[in-house]
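data.txt follows (compact mmCIF, C-alpha atoms):
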# COMPACT_ATOMS: atom_id res chain seq x y z
CA MET F 99 -7.54 -15.67 11.11
CA ILE F 100 -6.05 -14.52 7.82
CA LEU F 101 -7.84 -13.23 4.76
CA ASP F 102 -5.79 -13.74 1.64
CA ASP F 103 -5.99 -11.67 -1.50
CA LYS F 104 -8.93 -13.71 -2.75
CA GLY F 105 -10.94 -13.13 0.38
CA ALA F 106 -10.72 -16.60 1.96
CA GLN F 107 -10.30 -16.69 5.74
CA ILE F 108 -7.64 -19.00 7.00
CA ALA F 109 -6.04 -19.89 10.30
CA ALA F 110 -2.95 -17.86 11.00
CA ASP F 111 -0.79 -17.43 14.04
CA ALA F 112 -2.50 -20.15 16.06
CA VAL F 113 -1.12 -22.95 13.86
CA ASP F 114 0.99 -25.71 15.38
CA ALA F 115 4.65 -25.91 14.52
CA PRO F 116 5.78 -29.00 12.58
CA PRO F 117 7.57 -31.81 14.43
CA ALA F 118 11.21 -31.47 15.31
CA TYR F 119 13.87 -32.52 12.85
CA ASP F 120 15.21 -35.02 15.39
CA GLU F 121 11.85 -36.80 15.43
CA LEU F 122 11.81 -37.00 11.64
CA SER F 123 15.30 -38.47 11.45
CA GLY F 124 14.57 -41.30 13.91
CA ALA F 125 14.60 -44.86 12.69
CA HIS F 126 11.32 -45.91 14.30
CA SER F 127 8.39 -46.86 12.14
CA ALA F 128 5.29 -44.78 12.87
CA SER F 129 2.69 -45.06 10.15
CA LEU F 130 -0.81 -43.70 10.75
CA PRO F 131 -3.39 -46.15 12.16
CA SER F 132 -5.83 -47.61 9.67
CA GLY F 133 -8.54 -45.14 8.76
CA GLN F 134 -6.90 -42.23 10.59
CA LYS F 135 -6.41 -39.08 8.56
CA THR F 136 -3.60 -36.60 8.76
CA PRO F 137 -4.91 -33.33 10.26
CA ASN F 138 -6.12 -30.98 7.57
CA GLY F 139 -4.44 -27.65 6.99
CA PRO F 140 -1.15 -26.05 7.90
CA GLY F 141 -0.87 -27.71 11.29
CA ARG F 142 -0.66 -31.29 10.00
CA HIS F 143 2.34 -33.36 10.98
CA PRO F 144 4.36 -35.66 8.77
CA PRO F 145 4.85 -39.21 10.03
CA GLN F 146 8.12 -40.24 11.56
CA ALA F 147 10.71 -41.76 9.30
CA GLN F 148 10.15 -45.34 8.24
CA ALA F 149 12.89 -47.88 8.67
CA GLY F 150 14.20 -49.71 5.65
CA PRO F 151 14.28 -48.79 1.96
CA PRO F 152 11.28 -47.18 0.24
CA ASN F 153 8.89 -49.15 -1.92
CA ALA F 154 10.39 -49.71 -5.37
CA THR F 155 7.11 -50.00 -7.25
CA ALA F 156 5.57 -46.84 -5.82
CA THR F 157 8.61 -44.69 -6.49
CA ARG F 158 10.03 -46.08 -9.70
CA ALA F 159 9.28 -42.76 -11.41
CA TYR F 160 11.92 -41.04 -9.27
CA MET F 161 14.95 -42.87 -10.59
CA PRO F 162 17.76 -40.37 -11.22
CA SER F 163 17.98 -39.23 -14.80
CA GLY F 164 20.03 -41.72 -16.87
CA SER F 165 20.40 -44.11 -13.92
CA THR F 166 19.79 -47.88 -14.08
CA LYS F 167 20.19 -48.47 -10.33
CA THR F 168 17.47 -50.14 -8.29
CA TRP F 169 16.28 -48.73 -4.97
CA LEU F 170 18.46 -51.11 -2.99
CA SER F 171 21.59 -50.15 -4.90
CA TRP F 172 21.08 -46.39 -5.05
CA PHE F 173 23.41 -45.83 -2.13
CA SER F 174 26.12 -48.45 -2.31
CA GLU F 175 28.44 -48.85 0.65
CA LYS F 176 31.29 -48.14 -1.76
CA ASP F 177 29.90 -44.77 -2.82
CA THR F 178 31.94 -41.83 -1.67
CA ARG F 179 30.35 -38.92 0.20
CA ILE F 180 30.48 -36.83 -2.99
CA GLU F 181 28.72 -39.55 -4.97
CA VAL F 182 26.01 -39.89 -2.33
CA LYS F 183 25.46 -36.14 -2.35
CA ARG F 184 25.16 -36.08 -6.14
CA THR F 185 22.67 -38.96 -6.07
CA ILE F 186 20.57 -37.16 -3.45
CA GLN F 187 20.55 -33.96 -5.46
CA SER F 188 19.56 -35.87 -8.60
CA LEU F 189 16.72 -37.56 -6.72
CA MET F 190 15.55 -34.26 -5.22
CA ARG F 191 15.55 -32.64 -8.65
CA ASP F 192 13.21 -35.36 -9.94
CA VAL F 193 11.05 -35.34 -6.80
CA VAL F 194 10.17 -31.63 -6.98
CA LYS F 195 8.64 -32.22 -10.40
CA ASP F 196 5.73 -33.82 -8.52
CA PRO F 197 6.07 -32.77 -4.87
CA ALA F 198 2.51 -33.84 -4.03
CA SER F 199 3.21 -37.51 -4.80
CA PRO F 200 3.20 -39.84 -1.77
CA ALA F 201 6.30 -41.50 -3.25
CA ALA F 202 8.23 -38.27 -2.60
CA VAL F 203 8.15 -38.95 1.15
CA SER F 204 9.77 -42.37 0.64
CA VAL F 205 12.46 -40.88 -1.58
CA LEU F 206 13.23 -38.24 1.01
CA GLN F 207 13.43 -40.85 3.75
CA SER F 208 15.90 -42.94 1.75
CA CYS F 209 18.09 -39.87 1.20
CA LEU F 210 17.98 -38.94 4.87
CA GLU F 211 19.04 -42.43 5.97
CA ALA F 212 21.90 -42.42 3.44
CA CYS F 213 23.16 -39.16 4.95
CA GLN F 214 22.95 -40.52 8.48
CA SER F 215 24.92 -43.64 7.64
CA ARG F 216 27.70 -41.62 6.00
CA GLY F 217 27.91 -38.65 8.35
CA LEU F 218 26.50 -36.17 5.84
CA SER F 219 24.27 -33.22 6.78
CA PHE F 220 20.97 -33.66 5.01
CA GLN F 221 19.98 -30.16 6.18
CA SER F 222 22.99 -28.65 4.37
CA ILE F 223 22.27 -30.54 1.16
CA VAL F 224 18.61 -29.51 0.88
CA SER F 225 19.48 -25.88 1.67
CA GLU F 226 21.76 -25.58 -1.37
CA LYS F 227 20.43 -23.88 -4.52
CA PHE F 228 21.11 -26.74 -6.94
CA ILE F 229 17.76 -26.80 -8.80
CA GLU F 230 17.67 -23.99 -11.36
CA GLY F 231 19.21 -21.55 -8.89
CA HIS F 232 16.86 -22.42 -6.01
CA CYS F 233 16.62 -24.94 -3.18
CA PRO F 234 14.13 -27.85 -3.19
CA LEU F 235 11.79 -26.16 -0.68
CA TYR F 236 11.36 -23.19 -3.02
CA TRP F 237 10.10 -25.42 -5.82
CA ALA F 238 7.94 -27.50 -3.49
CA ILE F 239 6.14 -24.30 -2.44
CA ILE F 240 5.88 -22.84 -5.94
CA LYS F 241 4.37 -26.09 -7.24
CA ARG F 242 2.01 -26.47 -4.28
CA PRO F 243 -1.57 -26.38 -5.61
CA ALA F 244 -3.59 -23.31 -4.66
CA THR F 245 -6.49 -25.57 -3.67
CA SER F 246 -6.22 -29.17 -2.62
CA SER F 247 -8.72 -32.00 -2.66
CA GLU F 248 -9.73 -34.01 0.39
CA ASP F 249 -7.40 -36.81 -0.70
CA ASP F 250 -4.49 -34.34 -0.88
CA ASP F 251 -5.24 -33.09 2.64
CA ASP F 252 -5.08 -36.67 3.96
CA ARG F 253 -1.63 -37.21 2.49
CA VAL F 254 1.70 -36.01 3.81
CA GLN F 255 3.52 -34.11 1.08
CA LEU F 256 7.12 -33.23 0.33
CA PHE F 257 7.09 -29.77 1.87
CA ASP F 258 5.61 -31.18 5.10
CA ILE F 259 8.86 -33.11 5.53
CA LEU F 260 11.08 -30.27 4.36
CA LEU F 261 9.46 -27.86 6.82
CA SER F 262 10.26 -30.18 9.72
CA ILE F 263 13.97 -29.56 9.09
CA PRO F 264 15.37 -26.45 10.83
CA LEU F 265 15.68 -23.70 8.24
CA ASP F 266 18.85 -21.66 7.93
CA SER F 267 18.68 -18.03 6.80
CA THR F 268 19.20 -18.88 3.12
CA THR F 269 16.48 -21.53 3.01
CA ARG F 270 14.02 -19.38 4.94
CA SER F 271 14.60 -16.48 2.57
CA GLU F 272 14.00 -18.83 -0.37
CA ALA F 273 10.79 -20.10 1.22
CA TYR F 274 9.58 -16.55 1.93
CA LEU F 275 10.24 -15.64 -1.70
CA ALA F 276 8.19 -18.60 -2.92
CA CYS F 277 5.30 -17.73 -0.60
CA MET F 278 5.46 -14.11 -1.70
CA LEU F 279 5.42 -14.98 -5.40
CA SER F 280 2.50 -17.39 -4.96
CA SER F 281 0.68 -15.23 -2.35
CA ASP F 282 0.50 -18.28 -0.08
CA GLN F 283 -0.58 -16.81 3.25
CA VAL F 284 -1.25 -20.18 4.88
CA LEU F 285 2.23 -21.52 4.33
CA PHE F 286 3.89 -18.16 5.08
CA GLN F 287 2.35 -18.05 8.55
CA ARG F 288 3.42 -21.65 9.09
CA LEU F 289 6.97 -20.76 8.07
CA ARG F 290 7.04 -18.01 10.69
CA HIS F 291 6.71 -20.70 13.34
CA THR F 292 9.18 -23.25 11.98
CA PRO F 293 12.41 -23.91 13.91
CA GLY F 294 15.70 -22.43 12.80
CA ASP F 295 17.13 -18.97 12.13
CA HIS F 296 14.87 -15.94 11.91
CA SER F 297 12.01 -17.28 13.97
CA PRO F 298 8.70 -15.35 14.08
CA SER F 299 8.10 -12.05 15.81
CA VAL F 300 6.37 -13.88 18.68
CA SER F 301 9.39 -14.60 20.88
CA PRO F 302 9.51 -17.00 23.85
CA ALA F 303 8.82 -14.02 26.11
CA HIS F 304 5.60 -13.31 24.21
CA GLU F 305 4.65 -16.99 24.36
CA LEU F 306 5.20 -16.93 28.12
CA LEU F 307 2.95 -13.91 28.62
CA LEU F 308 0.24 -15.18 26.29
CA GLY F 309 -0.02 -18.58 27.95
CA ASP F 310 -3.35 -20.12 26.92
CA THR F 311 -4.54 -16.82 25.42
CA PRO F 312 -5.14 -17.08 21.65
CA LYS F 313 -2.18 -15.79 19.69
CA ASP F 314 -2.33 -12.66 17.56
CA ASP F 315 -4.43 -12.87 14.41
CA VAL F 316 -3.57 -11.08 11.19
CA ARG F 317 -5.61 -10.73 8.00
CA SER F 318 -4.79 -9.11 4.71
CA VAL F 319 -6.75 -8.39 1.57
CA ASP F 320 -5.75 -6.70 -1.67
CA ARG F 321 -8.26 -4.01 -2.61
CA GLY F 322 -8.36 -1.54 -5.51
CA ALA F 323 -5.84 -2.50 -8.18
CA ASP F 324 -5.47 0.98 -9.68
CA TYR F 325 -3.26 2.22 -6.85
CA GLY F 326 -2.12 -1.10 -5.39
CA GLU F 327 -4.39 -0.75 -2.37
CA PHE F 328 -4.47 -3.27 0.47
CA ARG F 329 -5.72 -3.60 4.03
CA ILE F 330 -4.23 -5.47 7.01
CA ASN F 331 -6.28 -6.21 10.13
CA TRP F 332 -4.20 -7.11 13.16
CA LYS F 333 -5.61 -8.41 16.44
CA ILE F 334 -3.12 -8.08 19.31
CA SER F 335 -3.71 -10.11 22.47
CA LYS F 336 -2.75 -8.69 25.89
CA PHE F 337 -1.49 -5.53 24.23
CA GLN F 338 -0.58 -3.36 27.22
CA GLN F 339 0.90 -6.21 29.23
CA ARG F 340 3.25 -7.23 26.43
CA MET F 341 4.21 -3.65 25.60
CA ARG F 342 5.15 -2.91 29.19
CA ALA F 343 6.96 -6.17 29.87
CA ILE F 344 8.74 -6.71 26.53
CA GLY F 345 8.71 -3.30 24.88
CA GLY F 346 6.94 -4.12 21.63
CA VAL F 347 4.71 -6.38 19.55
CA GLY F 348 5.05 -7.18 15.86
CA THR F 349 3.72 -9.28 13.02
CA GLU F 350 4.48 -10.10 9.37
CA VAL F 351 2.05 -10.63 6.51
CA ILE F 352 1.98 -10.81 2.72
CA ALA F 353 0.06 -8.15 0.79
CA ARG F 354 0.45 -6.90 -2.77
CA GLY F 355 3.29 -9.28 -3.55
CA ARG F 356 5.42 -8.06 -0.63
CA ILE F 357 6.17 -9.06 2.96
CA TRP F 358 5.20 -6.34 5.43
CA SER F 359 6.33 -6.03 9.02
CA LEU F 360 4.08 -4.04 11.37
CA ALA F 361 5.09 -3.17 14.91
CA LEU F 362 4.01 -1.17 17.95
CA SER F 363 6.95 -0.56 20.25
CA ILE F 364 8.51 1.65 22.91
CA LEU F 365 11.54 3.61 21.81
CA PRO F 366 14.59 2.39 23.75
CA ARG F 367 16.56 5.57 23.01
CA ASP F 368 16.17 9.09 21.63
CA THR F 369 15.47 8.92 17.89
CA TYR F 370 15.07 11.48 15.14
CA ILE F 371 11.93 10.81 13.10
CA SER F 372 11.25 13.04 10.09
CA GLY F 373 13.63 15.64 11.50
CA SER F 374 12.00 15.72 14.94
CA LEU F 375 13.53 14.32 18.10
CA ILE F 376 11.36 11.68 19.76
CA GLN F 377 12.47 10.89 23.28
CA ALA F 378 13.13 7.44 24.64
CA GLY F 379 10.05 5.82 26.13
CA ALA F 380 7.65 7.12 23.49
CA TRP F 381 5.18 4.60 22.07
CA VAL F 382 5.42 4.41 18.28
CA ALA F 383 3.93 2.53 15.32
CA SER F 384 6.11 1.39 12.42
CA VAL F 385 5.94 -0.39 9.07
CA SER F 386 8.76 -2.03 7.13
CA LEU F 387 9.31 -4.21 4.11
CA LEU F 388 11.16 -7.49 4.62
CA GLU F 389 13.52 -9.14 2.18
CA PRO F 390 13.13 -10.34 -0.53
CA SER F 391 10.36 -7.77 -1.17
CA PRO F 392 10.98 -5.26 -3.98
CA PRO F 393 11.10 -1.55 -3.02
CA THR F 394 7.99 0.58 -3.39
CA TYR F 395 6.40 3.92 -2.60
CA LEU F 396 3.86 3.77 0.21
CA ASP F 397 1.04 6.00 1.39
CA ALA F 398 -0.64 4.39 4.38
CA GLN F 399 -2.45 4.89 7.66
CA PHE F 400 -2.75 3.07 10.99
CA SER F 401 -6.20 3.33 12.55
CA ILE F 402 -7.52 2.12 15.90
CA GLN F 403 -11.21 2.34 16.72
CA GLU F 404 -13.06 1.91 19.98
CA PRO F 405 -14.56 -1.57 20.33
CA PRO F 406 -18.36 -1.80 20.00
CA LYS F 407 -20.25 -0.97 23.17
CA GLU F 408 -21.66 -4.03 24.87
CA THR F 409 -25.46 -4.04 25.15
CA PRO F 410 -26.49 -4.49 28.81
CA PRO F 411 -28.98 -7.25 29.68
CA SER F 412 -32.64 -6.25 29.68
CA GLY F 413 -33.72 -4.52 32.90
CA VAL F 414 -30.18 -3.85 34.14
CA VAL F 415 -29.46 -0.24 35.14
CA THR F 416 -26.01 0.84 33.93
CA SER F 417 -26.17 4.64 34.32
CA PRO F 418 -26.76 6.72 37.43
CA LEU F 419 -29.12 8.87 35.34
CA ALA F 420 -31.52 5.96 34.92
CA SER F 421 -31.99 5.32 38.65
CA PRO F 422 -33.65 7.83 41.00
CA THR F 423 -31.85 6.21 43.93
CA MET F 424 -28.56 7.47 42.49
CA GLN F 425 -29.59 11.14 42.60
CA PRO F 426 -27.60 13.33 45.00
CA PRO F 427 -29.35 14.21 48.27
CA HIS F 428 -31.12 17.56 48.51
CA ASN F 429 -28.96 20.31 49.95
CA PRO F 430 -31.02 22.78 51.97
CA ASP F 431 -28.49 25.51 51.31
CA ASP F 432 -29.01 25.06 47.61
CA HIS F 433 -31.83 27.58 46.91
CA VAL F 434 -33.26 26.20 43.72
CA LEU F 435 -36.74 25.17 42.77
CA PRO F 436 -37.52 21.45 43.08
CA SER F 437 -38.13 21.24 39.36
CA THR F 438 -34.72 22.79 38.71
CA GLN F 439 -33.12 20.46 41.22
CA THR F 440 -34.59 17.48 39.42
CA ARG F 441 -33.32 18.80 36.13
CA LYS F 442 -29.88 19.27 37.62
CA THR F 443 -29.57 15.55 38.40
CA SER F 444 -30.12 14.71 34.74
CA PHE F 445 -26.51 15.61 34.08
CA ALA F 446 -23.93 12.91 34.79
CA PRO F 447 -20.45 13.64 36.11
CA TRP F 448 -17.91 14.56 33.46
CA SER F 449 -16.17 11.18 33.79
CA ASN F 450 -19.38 9.31 32.95
CA LEU F 451 -20.04 11.51 29.94
CA HIS F 452 -16.47 10.90 28.78
CA LYS F 453 -17.04 7.14 28.86
CA THR F 454 -20.26 7.19 26.89
CA ALA F 455 -19.28 9.69 24.22
CA ALA F 456 -18.12 8.19 20.95
CA LYS F 457 -14.47 8.91 20.27
CA PRO F 458 -12.89 9.33 16.86
CA PRO F 459 -10.53 6.59 15.71
CA ILE F 460 -6.83 7.02 16.39
CA THR F 461 -5.33 7.62 12.95
CA LEU F 462 -1.61 7.82 12.21
CA ARG F 463 -0.39 8.43 8.68
CA VAL F 464 2.91 7.08 7.36
CA LYS F 465 4.29 7.72 3.90
CA THR F 466 7.45 7.69 1.87
CA SER F 467 8.88 10.93 0.54
CA MET F 468 11.00 11.17 -2.59
CA CYS F 469 12.60 7.74 -2.21
CA GLN F 470 11.01 4.32 -2.20
CA LEU F 471 10.82 2.16 0.89
CA GLU F 472 13.50 -0.54 0.81
CA ALA F 473 13.39 -3.98 2.43
CA LEU F 474 15.00 -4.82 5.76
CA PRO F 475 16.91 -8.08 6.22
CA LEU F 476 15.05 -10.82 8.05
CA ARG F 477 15.22 -10.38 11.78
CA SER F 478 17.26 -12.86 13.76
CA LYS F 479 15.64 -14.63 16.68
CA LYS F 480 18.24 -13.05 18.97
CA GLN F 481 17.71 -9.53 17.62
CA ASP F 482 15.36 -7.33 19.61
CA LEU F 483 12.30 -6.18 17.69
CA ARG F 484 12.99 -2.55 18.54
CA ASP F 485 16.59 -2.73 17.38
CA HIS F 486 15.42 -4.22 14.11
CA VAL F 487 12.80 -1.49 13.62
CA LEU F 488 15.21 1.34 14.46
CA SER F 489 18.15 -0.02 12.47
CA GLN F 490 17.45 2.25 9.48
CA PRO F 491 14.53 4.63 10.16
CA GLY F 492 13.35 6.54 7.13
CA SER F 493 14.83 4.60 4.24
CA LYS F 494 13.75 1.14 5.43
CA THR F 495 11.30 1.79 8.26
CA LEU F 496 8.50 4.36 8.53
CA ILE F 497 7.89 5.35 12.16
CA VAL F 498 5.18 7.55 13.67
CA PRO F 499 4.67 8.32 17.39
CA LEU F 500 1.28 7.38 18.82
CA GLY F 501 1.22 10.82 20.40
CA GLY F 502 0.74 12.23 16.91
CA HIS F 503 -3.00 11.79 17.52
CA VAL F 504 -4.82 13.51 20.37
CA ASN F 505 -5.90 10.14 21.82
CA GLY F 506 -2.83 8.16 20.84
CA ASN F 507 -1.06 8.27 24.19
CA SER F 508 -4.17 6.92 25.93
CA LEU F 509 -3.13 3.44 24.76
CA GLN F 510 -0.52 3.49 27.53
CA TYR F 511 -3.03 3.90 30.35
CA ASP F 512 -5.22 1.44 32.20
CA GLY F 513 -8.89 1.74 31.32
CA CYS F 514 -8.21 2.98 27.77
CA SER F 515 -11.50 2.78 25.87
CA TYR F 516 -9.74 1.71 22.65
CA ILE F 517 -8.64 -1.56 24.27
CA HIS F 518 -11.09 -4.42 24.75
CA ARG F 519 -11.84 -5.62 28.26
CA ASP F 520 -9.76 -8.75 27.66
CA GLY F 521 -6.73 -6.62 26.76
CA THR F 522 -7.04 -7.07 22.99
CA LEU F 523 -6.24 -4.21 20.61
CA LEU F 524 -7.50 -4.13 17.01
CA VAL F 525 -5.29 -2.31 14.50
CA THR F 526 -6.18 -1.61 10.87
CA PHE F 527 -3.49 -0.71 8.35
CA ASP F 528 -4.63 0.72 5.00
CA GLY F 529 -2.05 1.32 2.34
CA ARG F 530 -1.49 1.89 -1.33
CA LEU F 531 1.68 1.51 -3.35
CA THR F 532 1.80 4.99 -4.82
CA LYS F 533 3.84 8.08 -4.27
CA PRO F 534 2.02 10.29 -1.74
CA GLY F 535 -0.19 12.81 -3.52
CA THR F 536 -0.86 10.52 -6.48
CA GLY F 537 -4.47 9.68 -7.26
CA GLY F 538 -6.03 11.81 -4.55
CA ASP F 539 -5.34 12.15 -0.86
CA CYS F 540 -7.77 9.64 0.63
CA ILE F 541 -6.29 6.26 1.51
CA ILE F 542 -9.08 4.72 3.55
CA CYS F 543 -12.07 5.12 1.25

Would you mind giving the structure from this file in structure tokens?
Amino acid sequence: MILDDKGAQIAADAVDAPPAYDELSGAHSASLPSGQKTPNGPGRHPPQAQAGPPNATATRAYMPSGSTKTWLSWFSEKDTRIEVKRTIQSLMRDVVKDPASPAAVSVLQSCLEACQSRGLSFQSIVSEKFIEGHCPLYWAIIKRPATSSEDDDDRVQLFDILLSIPLDSTTRSEAYLACMLSSDQVLFQRLRHTPGDHSPSVSPAHELLLGDTPKDDVRSVDRGADYGEFRINWKISKFQQRMRAIGGVGTEVIARGRIWSLALSILPRDTYISGSLIQAGAWVASVSLLEPSPPTYLDAQFSIQEPPKETPPSGVVTSPLASPTMQPPHNPDDHVLPSTQTRKTSFAPWSNLHKTAAKPPITLRVKTSMCQLEALPLRSKKQDLRDHVLSQPGSKTLIVPLGGHVNGNSLQYDGCSYIHRDGTLLVTFDGRLTKPGTGGDCIIC
């Protein structure tokens, strides 16, 4: 689940990816059955491409500016590749003025078929920044309504089709920028799972380990405005198993008009952090900004608390202290009064006391110094998470070893009380966009 800056919970990493571009570009007709609705929310799928030209009446409003052509003559067989490209760009410019219109899908289909018949790359055309310095997907996201009616949810929209096309690095960066400017958490999480360059931090190896286990959940909420405060709650499934097998887990989320990358990883090599040498194999936490986020000061803290203790069923004995049958046998060589002996059994072994005592949360503070934190480039699907995190420690990534807290290294060991029985770890990240020492020293109040 995700909590956006207005406090609404939304589905996050468990969304379905949109259909493949190859499916969209097929020539088979596949309209929805009568009465069937398109799935609501970010996981909905656009229909496959329809054969034949789009309906002229429904899409008359999208005639290219100054054009007198009909739908059937938009793409004449005599048109050159350059002319076809210009017509497509003119149509796309008009379409993004009303991206929610159902006619937009028909226009897009006509353009796609024209590209196929002439050997043009529709993906390359829509990735170009030919509409006021941005690509069509950027404007489709910017103009996407913050709230949609039931009728809107039942209708496939322009960006549903655009997101089914593999995104190159330029288009993905444009889409991230639009989501960041509009604080659109739903669509941002969907973008992280779209095909193309810079795929999400959940790699195929993570998908393999997770199997049917629910994917990681991430929530964010903007808090006090005076210091640009925000909070990110991150639920990590199968934490230890993924750390040991892959070497790290990560996520991305929008908060305070920026894209944040959080990661827990194992250092692959010796690294200097804040002037101190941290040896390879150490478990560390890190935070970065991702492009196109603007630079900022940051004063923040990771915190990990023990999960709530489960209440045992009524009548079930869970402690050796509660059952007289669990008392140690009387030792005749132990010359103590019976009353003292009974009192002696009221103390549990040290290990049992250690399990029942409440532990303080693991807290790890990260902060900028004199310089602002700058954004890292988007991570390529082929780039290891740890290499991305360690590419520029200090100026673009803030790193802190888990061993900086007395209980931090316990996260490596089986039976750690901070990890749920199902292997889930809950991480809270509190931050504020101020220079450390500004406005007091407390960042979690």

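Between atom CA of Asp314 of chain F and atom CA of Leu265 of chain F there is a distance of 23.1 Å.
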
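Only residues having an atom at most 7 Å from (9.6, -20.2, -3.1) are included; using all atoms listed in the file, these are Leu235, Tyr236, Trp237, Ile239, Ile240, Glu272, Ala273, Tyr274, Leu275, Ala276 and Cys277 of chain F.
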
task: Please provide as an NGL selection string all residues within 7 Å of segment 345-355 of chain F, with the sequence filter that same-chain residues fewer than 5 positions apart are discarded (counting only C-alpha atoms).
output: :F and (278-279 or 281 or 283 or 299 or 318-320 or 326 or 328 or 340 or 360-364 or 483-484)

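Picture a line from atom CA of His518 of chain F to atom CA of Pro405 of chain F; it runs 6.3 Å.
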
- line: Atom pair atom CA of Ala378 of chain F + atom CA of Leu500 of chain F, distance 13.2 Å

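Using only C-alpha atoms, the shortest contact distance between Ser222 of chain F and any of F:Ile263, F:Met190, F:Leu285, F:Ala198 is found at F:Ile263.
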
Please check which residues have atoms at most 8 Å from (7.3, -28.4, 1.1) in the file's coordinates, counting all atoms listed in the file, and write them as a PDB file with C-alpha atoms, keeping the file's coordinate frame.
ATOM      1  CA  PRO F 197       6.070 -32.770  -4.870  1.00  0.00           C
ATOM      2  CA  LEU F 235      11.790 -26.160  -0.680  1.00  0.00           C
ATOM      3  CA  TYR F 236      11.360 -23.190  -3.020  1.00  0.00           C
ATOM      4  CA  ALA F 238       7.940 -27.500  -3.490  1.00  0.00           C
ATOM      5  CA  ILE F 239       6.140 -24.300  -2.440  1.00  0.00           C
ATOM      6  CA  ARG F 242       2.010 -26.470  -4.280  1.00  0.00           C
ATOM      7  CA  GLN F 255       3.520 -34.110   1.080  1.00  0.00           C
ATOM      8  CA  LEU F 256       7.120 -33.230   0.330  1.00  0.00           C
ATOM      9  CA  PHE F 257       7.090 -29.770   1.870  1.00  0.00           C
ATOM     10  CA  ASP F 258       5.610 -31.180   5.100  1.00  0.00           C
ATOM     11  CA  ILE F 259       8.860 -33.110   5.530  1.00  0.00           C
ATOM     12  CA  LEU F 260      11.080 -30.270   4.360  1.00  0.00           C
ATOM     13  CA  LEU F 261       9.460 -27.860   6.820  1.00  0.00           C
TER      14      LEU F 261
END

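Among the candidates F:Gly231, F:Gly309, F:Pro499, F:Pro534, the residue lying nearest to Leu365 of chain F is F:Pro499 (atoms considered: all atoms listed in the file).
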
field: Pick from F:Lys407, F:Lys494, F:His486, F:Arg463, whichever lies nearest to Pro366 of chain F using only C-alpha atoms
entry: F:His486

- request: Could you tell me which of F:Pro406, F:Val182, F:Val193, F:Thr311 comes closest to Gln214 of chain F if we count only C-alpha atoms?
  value: F:Val182

Who sits within 7 Å of Gln338 of chain F, only C-alpha atoms, same chain under 2 positions skipped, as a PDB file with C-alpha atoms, in the frame of the given file:
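Writing the result to selection_14.pdb gives the following:
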ATOM      1  CA  LYS F 336      -2.750  -8.690  25.890  1.00  0.00           C
ATOM      2  CA  ARG F 340       3.250  -7.230  26.430  1.00  0.00           C
ATOM      3  CA  MET F 341       4.210  -3.650  25.600  1.00  0.00           C
ATOM      4  CA  ARG F 342       5.150  -2.910  29.190  1.00  0.00           C
ATOM      5  CA  GLN F 510      -0.520   3.490  27.530  1.00  0.00           C
ATOM      6  CA  GLY F 521      -6.730  -6.620  26.760  1.00  0.00           C
TER       7      GLY F 521
END

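Using all atoms listed in the file, the smallest distance between any of F:Ile180, F:Cys469, F:Ala212, F:Leu308 and Tyr395 of chain F comes from F:Cys469.
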
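If all atoms listed in the file are the atoms counted, then among F:Gly501, F:Met468, F:Ile330, F:Phe286 the closest residue to Ile376 of chain F is F:Gly501.
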
Exercise: Ile460 of chain F partners within 8 Å, all atoms listed in the file, chain neighbours under 5 positions left out, as a compact mmCIF listing (two decimals) with C-alpha atoms, in the coordinates of the input:
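What ended up in around_8.txt:
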# COMPACT_ATOMS: atom_id res chain seq x y z
CA PHE F 400 -2.75 3.07 10.99
CA SER F 401 -6.20 3.33 12.55
CA ILE F 402 -7.52 2.12 15.90
CA GLN F 403 -11.21 2.34 16.72
CA HIS F 503 -3.00 11.79 17.52
CA VAL F 504 -4.82 13.51 20.37
CA ASN F 505 -5.90 10.14 21.82
CA GLY F 506 -2.83 8.16 20.84
